[in-house]
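A.B. asks: Okay, so here is model-v4.json, and as you'll see once you scroll down, it has JSON, C-alpha atoms and all ligand atoms.
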[["chain", "number", "residue", "atom", "x", "y", "z"],
["A", 14, "MET", "CA", -10.90, -26.09, -31.93],
["A", 15, "THR", "CA", -9.61, -27.09, -28.55],
["A", 16, "GLU", "CA", -12.75, -27.54, -26.56],
["A", 17, "ILE", "CA", -13.32, -24.72, -24.14],
["A", 18, "ARG", "CA", -15.57, -25.13, -21.15],
["A", 19, "VAL", "CA", -16.50, -21.88, -19.53],
["A", 20, "GLY", "CA", -17.79, -22.58, -16.04],
["A", 21, "PRO", "CA", -18.11, -20.38, -12.96],
["A", 22, "ASN", "CA", -14.96, -18.47, -11.96],
["A", 23, "PHE", "CA", -13.33, -18.97, -15.34],
["A", 24, "VAL", "CA", -10.03, -17.06, -15.12],
["A", 25, "PRO", "CA", -6.95, -17.40, -17.33],
["A", 26, "LEU", "CA", -3.88, -18.13, -15.26],
["A", 27, "ARG", "CA", -2.02, -14.87, -14.62],
["A", 28, "TYR", "CA", -3.46, -13.13, -17.69],
["A", 29, "ARG", "CA", -1.50, -15.52, -19.86],
["A", 30, "GLY", "CA", -2.61, -15.54, -23.43],
["A", 31, "VAL", "CA", -5.04, -12.63, -23.17],
["A", 32, "SER", "CA", -4.63, -10.12, -25.94],
["A", 33, "VAL", "CA", -6.58, -6.95, -26.57],
["A", 34, "ALA", "CA", -7.60, -6.07, -30.11],
["A", 35, "THR", "CA", -9.29, -3.01, -31.55],
["A", 36, "VAL", "CA", -11.97, -3.93, -34.07],
["A", 37, "PRO", "CA", -12.87, -1.43, -36.81],
["A", 38, "PRO", "CA", -16.39, 0.08, -36.83],
["A", 39, "GLY", "CA", -17.40, -1.99, -39.87],
["A", 40, "VAL", "CA", -17.08, -5.26, -37.94],
["A", 41, "ALA", "CA", -20.04, -6.14, -35.74],
["A", 42, "LEU", "CA", -19.16, -7.48, -32.30],
["A", 43, "ASP", "CA", -21.03, -10.74, -32.89],
["A", 44, "GLU", "CA", -19.58, -14.18, -33.29],
["A", 45, "ALA", "CA", -19.98, -14.50, -37.06],
["A", 46, "ALA", "CA", -18.46, -11.10, -37.85],
["A", 47, "LEU", "CA", -15.63, -11.50, -35.35],
["A", 48, "ARG", "CA", -14.85, -14.97, -36.66],
["A", 49, "ALA", "CA", -14.66, -13.66, -40.20],
["A", 50, "HIS", "CA", -12.46, -10.81, -38.96],
["A", 51, "PHE", "CA", -9.98, -12.86, -36.97],
["A", 52, "LEU", "CA", -9.76, -16.14, -38.93],
["A", 53, "GLY", "CA", -6.47, -16.28, -40.77],
["A", 54, "ARG", "CA", -5.00, -13.29, -38.96],
["A", 55, "GLU", "CA", -1.65, -13.81, -37.31],
["A", 56, "ALA", "CA", -1.75, -14.15, -33.54],
["A", 57, "TYR", "CA", 1.12, -14.34, -31.10],
["A", 58, "ARG", "CA", 2.14, -17.82, -29.98],
["A", 59, "ARG", "CA", 0.61, -17.49, -26.54],
["A", 60, "THR", "CA", -2.68, -15.89, -27.51],
["A", 61, "ARG", "CA", -5.64, -17.96, -26.38],
["A", 62, "PHE", "CA", -8.18, -15.26, -25.63],
["A", 63, "VAL", "CA", -8.96, -12.04, -27.44],
["A", 64, "VAL", "CA", -10.64, -9.05, -25.86],
["A", 65, "ALA", "CA", -12.21, -7.33, -28.86],
["A", 66, "ARG", "CA", -13.02, -3.66, -28.46],
["A", 67, "ARG", "CA", -14.08, -0.72, -30.57],
["A", 68, "ASP", "CA", -11.85, 1.87, -29.01],
["A", 69, "PRO", "CA", -8.63, 1.21, -27.11],
["A", 70, "ASP", "CA", -9.01, 4.37, -25.01],
["A", 71, "THR", "CA", -12.52, 4.11, -23.62],
["A", 72, "PRO", "CA", -14.20, 1.17, -21.92],
["A", 73, "GLY", "CA", -16.89, 0.74, -24.58],
["A", 74, "PRO", "CA", -18.55, -2.36, -26.05],
["A", 75, "THR", "CA", -16.36, -5.42, -25.58],
["A", 76, "ALA", "CA", -16.55, -9.02, -26.73],
["A", 77, "LEU", "CA", -14.53, -11.89, -25.37],
["A", 78, "LEU", "CA", -13.28, -14.64, -27.67],
["A", 79, "ALA", "CA", -11.32, -17.86, -27.42],
["A", 80, "VAL", "CA", -9.00, -18.53, -30.36],
["A", 81, "ASP", "CA", -6.94, -21.38, -31.70],
["A", 82, "ARG", "CA", -3.82, -20.95, -33.79],
["A", 83, "ALA", "CA", -2.28, -23.17, -36.46],
["A", 84, "SER", "CA", 0.84, -23.62, -34.33],
["A", 85, "ASP", "CA", 1.90, -23.28, -30.71],
["A", 86, "THR", "CA", 5.58, -23.18, -31.54],
["A", 87, "GLU", "CA", 5.93, -20.50, -34.22],
["A", 88, "LEU", "CA", 6.16, -17.00, -32.78],
["A", 89, "PHE", "CA", 3.10, -15.97, -34.78],
["A", 90, "ALA", "CA", 0.57, -18.25, -36.42],
["A", 91, "PRO", "CA", -2.76, -17.75, -38.19],
["A", 92, "VAL", "CA", -5.95, -18.00, -36.15],
["A", 93, "THR", "CA", -7.80, -21.18, -37.09],
["A", 94, "ALA", "CA", -10.85, -21.06, -34.83],
["A", 95, "VAL", "CA", -12.82, -18.39, -33.00],
["A", 96, "THR", "CA", -15.41, -19.00, -30.29],
["A", 97, "MET", "CA", -17.41, -16.31, -28.54],
["A", 98, "ILE", "CA", -17.16, -16.51, -24.76],
["A", 99, "ALA", "CA", -19.20, -13.38, -24.05],
["A", 100, "GLY", "CA", -20.77, -10.83, -26.36],
["A", 101, "PRO", "CA", -20.98, -7.07, -25.70],
["A", 102, "GLU", "CA", -24.37, -7.35, -23.96],
["A", 103, "GLU", "CA", -22.93, -9.56, -21.22],
["A", 104, "CYS", "CA", -19.34, -8.34, -21.09],
["A", 105, "ALA", "CA", -18.04, -5.32, -19.16],
["A", 106, "TYR", "CA", -14.64, -3.67, -19.46],
["A", 107, "VAL", "CA", -13.44, -1.84, -16.36],
["A", 108, "VAL", "CA", -10.26, 0.06, -15.61],
["A", 109, "GLU", "CA", -9.01, -0.35, -12.05],
["A", 110, "PRO", "CA", -5.40, 0.87, -11.99],
["A", 111, "ASP", "CA", -4.55, -0.64, -8.58],
["A", 112, "ALA", "CA", -5.97, -4.12, -9.20],
["A", 113, "ASP", "CA", -3.51, -6.97, -9.70],
["A", 114, "THR", "CA", -5.40, -8.82, -12.40],
["A", 115, "GLY", "CA", -3.23, -11.90, -11.97],
["A", 116, "VAL", "CA", -5.10, -12.65, -8.71],
["A", 117, "PRO", "CA", -8.51, -14.32, -9.24],
["A", 118, "SER", "CA", -9.88, -12.97, -5.93],
["A", 119, "VAL", "CA", -9.00, -9.45, -7.00],
["A", 120, "LEU", "CA", -10.76, -9.95, -10.34],
["A", 121, "ALA", "CA", -13.88, -11.23, -8.59],
["A", 122, "ALA", "CA", -13.87, -8.32, -6.14],
["A", 123, "VAL", "CA", -13.50, -5.75, -8.92],
["A", 124, "ALA", "CA", -16.23, -7.50, -10.92],
["A", 125, "GLY", "CA", -18.60, -7.48, -7.95],
["A", 126, "ARG", "CA", -17.96, -3.83, -7.20],
["A", 127, "ARG", "CA", -17.69, -2.32, -10.67],
["A", 128, "ALA", "CA", -19.87, -4.52, -12.86],
["A", 129, "PRO", "CA", -22.30, -6.49, -10.72],
["A", 130, "GLY", "CA", -24.51, -8.66, -12.88],
["A", 131, "ALA", "CA", -22.17, -8.78, -15.89],
["A", 132, "ARG", "CA", -21.46, -12.38, -16.87],
["A", 133, "ALA", "CA", -17.94, -11.57, -18.02],
["A", 134, "VAL", "CA", -15.76, -8.77, -16.69],
["A", 135, "VAL", "CA", -12.51, -7.69, -18.31],
["A", 136, "VAL", "CA", -10.28, -5.77, -15.94],
["A", 137, "GLN", "CA", -7.46, -3.49, -16.97],
["A", 138, "GLY", "CA", -5.39, -3.18, -13.85],
["A", 139, "ARG", "CA", -1.95, -2.66, -12.37],
["A", 140, "TYR", "CA", 0.94, -2.56, -14.86],
["A", 141, "ALA", "CA", -1.81, -2.03, -17.48],
["A", 142, "HIS", "CA", -2.27, -5.82, -17.56],
["A", 143, "VAL", "CA", -5.60, -7.09, -18.78],
["A", 144, "ASN", "CA", -7.34, -10.22, -17.56],
["A", 145, "PHE", "CA", -10.94, -11.36, -17.16],
["A", 146, "ILE", "CA", -13.32, -13.44, -15.12],
["A", 147, "VAL", "CA", -16.46, -15.16, -16.35],
["A", 148, "ASP", "CA", -19.38, -15.87, -14.05],
["A", 149, "PRO", "CA", -17.66, -14.72, -10.84],
["A", 150, "ARG", "CA", -18.84, -16.72, -7.84],
["A", 151, "PRO", "CA", -16.20, -16.21, -5.17],
["A", 152, "LEU", "CA", -16.07, -18.66, -2.30],
["A", 153, "ARG", "CA", -17.23, -16.78, 0.80],
["A", 154, "ILE", "CA", -15.02, -17.21, 3.83],
["A", 155, "VAL", "CA", -16.21, -15.72, 7.09],
["A", 156, "VAL", "CA", -13.30, -14.69, 9.28],
["A", 157, "ARG", "CA", -14.14, -15.00, 12.95],
["A", 158, "ASP", "CA", -11.91, -13.02, 15.19],
["A", 159, "VAL", "CA", -12.03, -11.32, 18.57],
["A", 160, "VAL", "CA", -11.66, -7.53, 18.81],
["A", 161, "PRO", "CA", -10.06, -5.41, 20.13],
["A", 162, "PRO", "CA", -7.27, -5.07, 19.13],
["A", 163, "GLU", "CA", -8.47, -3.32, 16.00],
["A", 164, "PRO", "CA", -8.44, -3.98, 13.17],
["A", 165, "ALA", "CA", -9.30, -7.63, 13.63],
["A", 166, "LYS", "CA", -5.88, -9.16, 13.09],
["A", 167, "LEU", "CA", -6.83, -12.45, 11.46],
["A", 168, "ALA", "CA", -9.22, -10.80, 8.99],
["A", 169, "ASP", "CA", -6.54, -8.25, 8.12],
["A", 170, "GLN", "CA", -3.89, -10.94, 7.62],
["A", 171, "ALA", "CA", -6.24, -13.06, 5.53],
["A", 172, "ARG", "CA", -7.05, -10.06, 3.34],
["A", 173, "ARG", "CA", -3.35, -9.38, 2.79],
["A", 174, "VAL", "CA", -2.52, -12.95, 1.79],
["A", 175, "VAL", "CA", -5.58, -13.47, -0.41],
["A", 176, "ASP", "CA", -4.68, -10.29, -2.29],
["A", 177, "VAL", "CA", -1.51, -11.96, -3.60],
["A", 178, "MET", "CA", -2.67, -15.56, -4.10],
["A", 179, "GLU", "CA", -2.46, -16.01, -7.85],
["A", 180, "ASP", "CA", -3.35, -19.68, -8.07],
["A", 181, "LEU", "CA", -6.33, -19.74, -5.74],
["A", 182, "PRO", "CA", -9.94, -19.67, -6.97],
["A", 183, "PRO", "CA", -11.75, -16.41, -6.22],
["A", 184, "VAL", "CA", -12.35, -15.92, -2.51],
["A", 185, "GLU", "CA", -14.47, -13.27, -0.81],
["A", 186, "LEU", "CA", -13.55, -12.62, 2.79],
["A", 187, "VAL", "CA", -16.24, -11.48, 5.20],
["A", 188, "ALA", "CA", -14.87, -10.20, 8.51],
["A", 189, "ARG", "CA", -17.18, -11.07, 11.37],
["A", 190, "PRO", "CA", -15.39, -9.95, 14.51],
["A", 191, "VAL", "CA", -16.71, -10.77, 17.95],
["A", 192, "ARG", "CA", -16.48, -7.82, 20.34],
["A", 193, "MET", "CA", -15.12, -8.56, 23.76],
["A", 194, "ALA", "CA", -17.50, -6.07, 25.38],
["A", 195, "GLU", "CA", -20.49, -7.83, 23.78],
["A", 196, "LEU", "CA", -19.27, -11.17, 25.08],
["A", 197, "ALA", "CA", -18.96, -9.66, 28.53],
["A", 198, "ALA", "CA", -22.57, -8.46, 28.29],
["A", 199, "ALA", "CA", -23.61, -12.12, 28.08],
["A", 200, "ALA", "CA", -22.44, -12.54, 31.68],
["A", 201, "PRO", "CA", -23.21, -9.26, 33.48],
["A", 202, "ALA", "CA", -20.66, -8.50, 36.18],
["A", 203, "ALA", "CA", -19.08, -5.53, 37.96],
["A", 204, "HIS", "CA", -15.54, -6.77, 37.44],
["A", 205, "TYR", "CA", -14.09, -8.58, 34.43],
["A", 206, "LEU", "CA", -10.80, -10.32, 33.92],
["A", 207, "LEU", "CA", -9.60, -10.07, 30.31],
["A", 208, "PRO", "CA", -6.59, -11.93, 28.83],
["A", 209, "CYS", "CA", -4.21, -9.06, 28.17],
["A", 210, "ARG", "CA", -3.88, -5.32, 28.59],
["A", 211, "GLY", "CA", -2.16, -5.02, 25.22],
["A", 212, "SER", "CA", -5.44, -5.63, 23.40],
["A", 213, "GLY", "CA", -6.83, -2.38, 24.82],
["A", 214, "ALA", "CA", -10.12, -4.10, 25.54],
["A", 215, "GLU", "CA", -12.45, -2.47, 28.03],
["A", 216, "VAL", "CA", -15.96, -3.15, 29.22],
["A", 217, "PRO", "CA", -17.96, 0.07, 29.58],
["A", 218, "GLY", "CA", -19.33, 0.54, 33.09],
["A", 219, "ALA", "CA", -17.32, -2.29, 34.63],
["A", 220, "ARG", "CA", -13.99, -2.63, 36.33],
["A", 221, "VAL", "CA", -11.45, -4.55, 34.25],
["A", 222, "SER", "CA", -8.30, -6.44, 35.20],
["A", 223, "TYR", "CA", -5.89, -8.22, 32.87],
["A", 224, "LEU", "CA", -4.72, -11.77, 33.37],
["A", 225, "ASP", "CA", -1.29, -11.15, 31.85],
["A", 226, "GLU", "CA", -0.59, -8.66, 34.68],
["A", 227, "HIS", "CA", -1.25, -11.36, 37.25],
["A", 228, "PRO", "CA", -3.41, -9.12, 39.45],
["A", 229, "ALA", "CA", -4.32, -10.00, 43.03],
["A", 230, "ARG", "CA", -7.22, -12.46, 43.07],
["A", 231, "SER", "CA", -10.59, -10.80, 43.04],
["A", 232, "ASP", "CA", -14.22, -11.61, 42.54],
["A", 233, "TRP", "CA", -14.23, -11.34, 38.75],
["A", 234, "THR", "CA", -15.74, -12.87, 35.63],
["A", 235, "LEU", "CA", -13.24, -14.18, 33.09],
["A", 236, "VAL", "CA", -13.76, -13.37, 29.43],
["A", 237, "GLY", "CA", -11.24, -15.52, 27.63],
["A", 238, "CYS", "CA", -10.34, -18.69, 25.81],
["A", 239, "ALA", "CA", -9.64, -22.13, 27.28],
["A", 240, "ARG", "CA", -5.98, -21.15, 27.60],
["A", 241, "SER", "CA", -6.94, -18.19, 29.82],
["A", 242, "ARG", "CA", -8.84, -20.56, 32.11],
["A", 243, "GLN", "CA", -5.79, -22.81, 32.32],
["A", 244, "ILE", "CA", -3.61, -19.84, 33.23],
["A", 245, "HIS", "CA", -6.18, -18.70, 35.77],
["A", 246, "ARG", "CA", -6.13, -22.14, 37.36],
["A", 247, "HIS", "CA", -2.34, -22.05, 37.44],
["A", 248, "PHE", "CA", -2.20, -18.61, 39.08],
["A", 249, "TYR", "CA", -5.19, -18.79, 41.39],
["A", 250, "GLY", "CA", -6.05, -22.46, 41.67],
["A", 251, "GLY", "CA", -9.66, -22.32, 40.52],
["A", 252, "ASP", "CA", -12.18, -21.47, 37.82],
["A", 253, "PRO", "CA", -14.04, -18.16, 38.01],
["A", 254, "PRO", "CA", -17.40, -17.61, 36.33],
["A", 255, "GLY", "CA", -16.68, -16.83, 32.73],
["A", 256, "VAL", "CA", -17.51, -16.43, 29.08],
["A", 257, "ASP", "CA", -15.56, -18.47, 26.56],
["A", 258, "PHE", "CA", -14.68, -16.12, 23.73],
["A", 259, "CYS", "CA", -12.88, -18.72, 21.64],
["A", 260, "PRO", "CA", -14.12, -18.03, 18.10],
["A", 261, "LYS", "CA", -13.61, -21.70, 17.30],
["A", 262, "VAL", "CA", -16.26, -22.81, 19.79],
["A", 263, "GLY", "CA", -19.28, -24.29, 18.04],
["A", 264, "LEU", "CA", -17.51, -25.18, 14.80],
["A", 265, "ALA", "CA", -17.12, -28.83, 15.63],
["A", 266, "GLY", "CA", -20.90, -29.31, 15.44],
["A", 267, "ALA", "CA", -22.92, -28.47, 12.33],
["A", 268, "ARG", "CA", -21.20, -27.35, 9.17],
["A", 269, "PRO", "CA", -21.28, -23.53, 8.97],
["A", 270, "ALA", "CA", -23.37, -21.89, 6.20],
["A", 271, "ASP", "CA", -20.24, -20.19, 4.82],
["A", 272, "ALA", "CA", -16.70, -21.49, 5.13],
["A", 273, "VAL", "CA", -15.06, -20.14, 8.30],
["A", 274, "LEU", "CA", -11.50, -19.15, 9.10],
["A", 275, "THR", "CA", -10.82, -18.63, 12.75],
["A", 276, "LYS", "CA", -8.22, -18.96, 15.48],
["A", 277, "CYS", "CA", -7.81, -20.64, 18.84],
["A", 278, "CYS", "CA", -5.38, -20.00, 21.66],
["A", 279, "LEU", "CA", -5.09, -23.74, 22.40],
["A", 280, "GLN", "CA", -3.40, -24.40, 19.07],
["A", 281, "GLU", "CA", 0.28, -23.68, 19.27],
["A", 282, "ASP", "CA", 1.76, -24.55, 15.89],
["A", 283, "HIS", "CA", -0.65, -26.51, 13.79],
["A", 284, "ILE", "CA", -3.61, -25.63, 11.61],
["A", 285, "GLU", "CA", -6.79, -27.55, 12.30],
["A", 286, "TYR", "CA", -9.45, -28.31, 9.71],
["A", 287, "GLY", "CA", -13.03, -29.44, 10.06],
["A", 288, "ASP", "CA", -16.15, -29.58, 7.94],
["A", 289, "GLY", "CA", -16.19, -26.14, 6.33],
["A", 290, "TRP", "CA", -13.63, -24.48, 8.60],
["A", 291, "ALA", "CA", -9.96, -23.93, 9.26],
["A", 292, "CYS", "CA", -8.45, -22.75, 12.52],
["A", 293, "VAL", "CA", -5.02, -21.24, 13.06],
["A", 294, "PRO", "CA", -3.07, -20.60, 16.25],
["A", 295, "TRP", "CA", -3.73, -17.29, 18.01],
["A", 296, "GLY", "CA", -0.48, -15.61, 17.01],
["A", 297, "SER", "CA", -0.22, -16.92, 13.45],
["A", 298, "SER", "CA", 2.24, -15.65, 10.88],
["A", 299, "LEU", "CA", 1.08, -14.51, 7.46],
["A", 300, "GLN", "CA", 2.55, -17.73, 6.12],
["A", 301, "GLN", "CA", 0.35, -19.80, 8.42],
["A", 302, "VAL", "CA", -2.73, -17.78, 7.62],
["A", 303, "GLY", "CA", -1.99, -18.24, 3.91],
["A", 304, "ASP", "CA", -1.56, -21.99, 4.39],
["A", 305, "ALA", "CA", -4.89, -22.19, 6.22],
["A", 306, "VAL", "CA", -6.74, -20.21, 3.55],
["A", 307, "ARG", "CA", -5.24, -22.43, 0.87],
["A", 308, "GLY", "CA", -6.08, -25.61, 2.79],
["A", 309, "LEU", "CA", -9.64, -24.46, 3.36],
["A", 310, "VAL", "CA", -10.17, -23.43, -0.26],
["A", 311, "GLU", "CA", -8.71, -26.69, -1.57],
["A", 312, "ARG", "CA", -11.25, -28.55, 0.54],
["A", 313, "GLU", "CA", -14.17, -26.32, -0.45],
["A", 314, "ALA", "CA", -13.39, -25.88, -4.16],
["A", 315, "PRO", "CA", -11.21, -28.85, -5.11],
["A", 316, "ALA", "CA", -12.07, -28.83, -8.81],
["A", 317, "TRP", "CA", -11.15, -25.26, -9.71],
["A", 318, "ARG", "CA", -8.27, -24.70, -12.13],
["A", 319, "PRO", "CA", -7.20, -21.56, -13.94],
["A", 320, "ALA", "CA", -8.01, -21.64, -17.64],
["A", 401, "ZN", "ZN", -9.68, -21.46, 21.70]]
Write out the structure in this file as structure tokens.

C.D. replies:
Amino acid sequence: MTEIRVGPNFVPLRYRGVSVATVPPGVALDEAALRAHFLGREAYRRTRFVVARRDPDTPGPTALLAVDRASDTELFAPVTAVTMIAGPEECAYVVEPDADTGVPSVLAAVAGRRAPGARAVVVQGRYAHVNFIVDPRPLRIVVRDVVPPEPAKLADQARRVVDVMEDLPPVELVARPVRMAELAAAAPAAHYLLPCRGSGAEVPGARVSYLDEHPARSDWTLVGCARSRQIHRHFYGGDPPGVDFCPKVGLAGARPADAVLTKCCLQEDHIEYGDGWACVPWGSSLQQVGDAVRGLVEREAPAWRPA
């Protein structure tokens, strides 16, 4: 038998080689009985894993097996070895018609939501494809963003790209937006200058002006990033009191508890990486956000490979 090591986040690449079999009531769902049942049976050339179930129509008891075949080149070949990956007591079968089961992060999310605690979770998803994850331990990535505008743009973009990343280990995104009004509260003032009107940001109880409208100089407190201070200097020739809202601030010091994805207005084109974080430019494209997530994950989980 080809040796099979089943570690955390074990996911077959794009449900390749996963076949679903219905096992008659006389066959127990334990390793010995399933081995006796499947040994010698013909399996399709690509079959490497078998999801063994009692009933194809209801998510009942399920066992997960790895199989070897006599040949990889014949269209069908007899099964020559059977190894139990997860028995019915630790394996869940869930139906989630919208889930793209070719995406490890989607599998981990479905597993966490529908079958928390199960060691192995088989998911029947979109296009009726079936795939599974064993021991889901998604890499947590905190997305630090400034709101408004709502929804937090970077977190939303990251969610959209992670949802289609088929060759990335499972990732769990945690949006942790910083509210502009809360930042303002750190420096109480009657009049705030915020970067742009388009964001729709307001500070309850205070007067607000927007830097992008180049208002007449006033006695205000700037809530913005380093770039806003540069623009302020350019327009008005000086630095007002202010709060730096750059979500990247502080990352250069100690490594964050969870990996962090964030953005900075001082970066124009490039992605920056540090110990446990990645930072994209303020107005990043989906492509850039995807590159940053990939770069961060490759640094944080370099050993992961699909099975
Ligand atoms: Zn910044």

A.B. asks: May I have the protein, DNA and RNA residues with an atom at most 10 Å from (-11.6, -26.0, 13.2), counting only C-alpha atoms in the file's coordinates, returned as an MDAnalysis selection string?

C.D. replies: chainID A and resid 260:265 273:277 284:293

A.B. asks: Return the single residue from A:Pro294, A:Pro319, A:Pro149, A:Pro101 that is closest to ligand ZN 401 (chain A), with distances computed using only C-alpha atoms and all ligand atoms.

C.D. replies: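 Selected residue with least distance to ligand ZN 401 (chain A): A:Pro294.
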
A.B. asks: Ligand ZN 401 (chain A): which residues are within 6 Å, counting all atoms listed in the file, as a list of chain:residue names?

C.D. replies: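 My answer, listing the contacting residues, is A:Cys238, A:Ala239, A:Cys259, A:Lys261, A:Cys277, A:Cys278, A:Leu279.
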
A.B. asks: For each of A:Arg173, A:Arg240, A:Lys166, A:Arg126, take the minimum atom-to-atom distance to Val191 of chain A, counting all atoms listed in the file, then give the residue where this is smallest.

C.D. replies: A:Lys166

A.B. asks: In Å, how far is it from atom CA of Arg58 of chain A to atom CA of Ala320 of chain A?

C.D. replies: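 Distance reported for this atom pair: 16.4 Å.
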
A.B. asks: With only C-alpha atoms as the counted atoms, please give the residues lying no more than 10 Å from segment 67-77 of chain A, apart from itself and same-chain residues fewer than 4 positions off, as a PDB file with C-alpha atoms, in the coordinates of the input.

C.D. replies:
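The resulting file, result_5.pdb, is reproduced below:
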ATOM      1  CA  VAL A  31      -5.040 -12.630 -23.170  1.00  0.00           C
ATOM      2  CA  VAL A  33      -6.580  -6.950 -26.570  1.00  0.00           C
ATOM      3  CA  ALA A  34      -7.600  -6.070 -30.110  1.00  0.00           C
ATOM      4  CA  THR A  35      -9.290  -3.010 -31.550  1.00  0.00           C
ATOM      5  CA  VAL A  36     -11.970  -3.930 -34.070  1.00  0.00           C
ATOM      6  CA  PRO A  37     -12.870  -1.430 -36.810  1.00  0.00           C
ATOM      7  CA  PRO A  38     -16.390   0.080 -36.830  1.00  0.00           C
ATOM      8  CA  GLY A  39     -17.400  -1.990 -39.870  1.00  0.00           C
ATOM      9  CA  VAL A  40     -17.080  -5.260 -37.940  1.00  0.00           C
ATOM     10  CA  ALA A  41     -20.040  -6.140 -35.740  1.00  0.00           C
ATOM     11  CA  LEU A  42     -19.160  -7.480 -32.300  1.00  0.00           C
ATOM     12  CA  ASP A  43     -21.030 -10.740 -32.890  1.00  0.00           C
ATOM     13  CA  GLU A  44     -19.580 -14.180 -33.290  1.00  0.00           C
ATOM     14  CA  LEU A  47     -15.630 -11.500 -35.350  1.00  0.00           C
ATOM     15  CA  PHE A  62      -8.180 -15.260 -25.630  1.00  0.00           C
ATOM     16  CA  VAL A  63      -8.960 -12.040 -27.440  1.00  0.00           C
ATOM     17  CA  THR A  96     -15.410 -19.000 -30.290  1.00  0.00           C
ATOM     18  CA  MET A  97     -17.410 -16.310 -28.540  1.00  0.00           C
ATOM     19  CA  ILE A  98     -17.160 -16.510 -24.760  1.00  0.00           C
ATOM     20  CA  ALA A  99     -19.200 -13.380 -24.050  1.00  0.00           C
ATOM     21  CA  GLY A 100     -20.770 -10.830 -26.360  1.00  0.00           C
ATOM     22  CA  PRO A 101     -20.980  -7.070 -25.700  1.00  0.00           C
ATOM     23  CA  GLU A 102     -24.370  -7.350 -23.960  1.00  0.00           C
ATOM     24  CA  GLU A 103     -22.930  -9.560 -21.220  1.00  0.00           C
ATOM     25  CA  CYS A 104     -19.340  -8.340 -21.090  1.00  0.00           C
ATOM     26  CA  ALA A 105     -18.040  -5.320 -19.160  1.00  0.00           C
ATOM     27  CA  TYR A 106     -14.640  -3.670 -19.460  1.00  0.00           C
ATOM     28  CA  VAL A 107     -13.440  -1.840 -16.360  1.00  0.00           C
ATOM     29  CA  VAL A 108     -10.260   0.060 -15.610  1.00  0.00           C
ATOM     30  CA  ALA A 133     -17.940 -11.570 -18.020  1.00  0.00           C
ATOM     31  CA  VAL A 134     -15.760  -8.770 -16.690  1.00  0.00           C
ATOM     32  CA  VAL A 135     -12.510  -7.690 -18.310  1.00  0.00           C
ATOM     33  CA  VAL A 136     -10.280  -5.770 -15.940  1.00  0.00           C
ATOM     34  CA  GLN A 137      -7.460  -3.490 -16.970  1.00  0.00           C
ATOM     35  CA  PHE A 145     -10.940 -11.360 -17.160  1.00  0.00           C
ATOM     36  CA  VAL A 147     -16.460 -15.160 -16.350  1.00  0.00           C
TER      37      VAL A 147
END

A.B. asks: Using all atoms listed in the file, which residues sit within 12 Å of Ala199 of chain A once same-chain residues fewer than 3 positions away are excluded, as a list in words?

C.D. replies: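 Skipping anything fewer than 3 positions along the chain leaves Arg192, Met193, Ala194, Glu195, Leu196, Ala202, Tyr205, Val216, Thr234, Leu235, Val236, Pro254, Gly255, Val256, Asp257 and Phe258 of chain A.
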
A.B. asks: Would you mind telling me which residue in A:Arg27, A:Ser32, A:Asp158, A:Asn144 lies nearest to Met178 of chain A when using only C-alpha atoms?

C.D. replies: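 Using only C-alpha atoms, Met178 of chain A sits closest to A:Arg27.
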
A.B. asks: If I wrap all listed atoms of segment 91-104 of chain A in a box with edges along x, y and z and add 5 Å on each side, what are its centre and edge lengths in Å to one decimal, as AutoDock Vina command-line options?

C.D. replies:
--center_x -13.6 --center_y -14.1 --center_z -29.6 --size_x 31.6 --size_y 24.1 --size_z 27.1

A.B. asks: So, counting all atoms listed in the file, which residue among A:Leu152, A:Val174, A:Val80, A:Ala45 is closest to Arg61 of chain A?

C.D. replies: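 Answer, going by the shortest atom-to-atom distance: A:Val80.
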
A.B. asks: At the level of N, CA, C and O atoms, write segment 92-97 of chain A to a file as a JSON list (two decimals), in the first residue's frame, please.

C.D. replies:
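Saved file selection_31.json follows:
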[["chain", "number", "residue", "atom", "x", "y", "z"],
["A", 92, "VAL", "N", -8.98, -3.50, -6.52],
["A", 92, "VAL", "CA", -8.45, -2.88, -5.30],
["A", 92, "VAL", "C", -7.52, -3.88, -4.63],
["A", 92, "VAL", "O", -7.88, -5.05, -4.45],
["A", 93, "THR", "N", -6.31, -3.41, -4.27],
["A", 93, "THR", "CA", -5.33, -4.31, -3.67],
["A", 93, "THR", "C", -5.04, -3.99, -2.20],
["A", 93, "THR", "O", -4.39, -4.77, -1.52],
["A", 94, "ALA", "N", -5.47, -2.83, -1.75],
["A", 94, "ALA", "CA", -5.24, -2.49, -0.34],
["A", 94, "ALA", "C", -6.30, -1.49, 0.11],
["A", 94, "ALA", "O", -6.75, -0.65, -0.68],
["A", 95, "VAL", "N", -6.70, -1.63, 1.36],
["A", 95, "VAL", "CA", -7.73, -0.75, 1.93],
["A", 95, "VAL", "C", -7.27, -0.30, 3.30],
["A", 95, "VAL", "O", -6.89, -1.12, 4.13],
["A", 96, "THR", "N", -7.26, 0.99, 3.53],
["A", 96, "THR", "CA", -6.89, 1.52, 4.85],
["A", 96, "THR", "C", -7.99, 2.47, 5.33],
["A", 96, "THR", "O", -8.44, 3.32, 4.57],
["A", 97, "MET", "N", -8.38, 2.29, 6.56],
["A", 97, "MET", "CA", -9.41, 3.17, 7.12],
["A", 97, "MET", "C", -8.78, 4.51, 7.48],
["A", 97, "MET", "O", -7.78, 4.58, 8.20]]
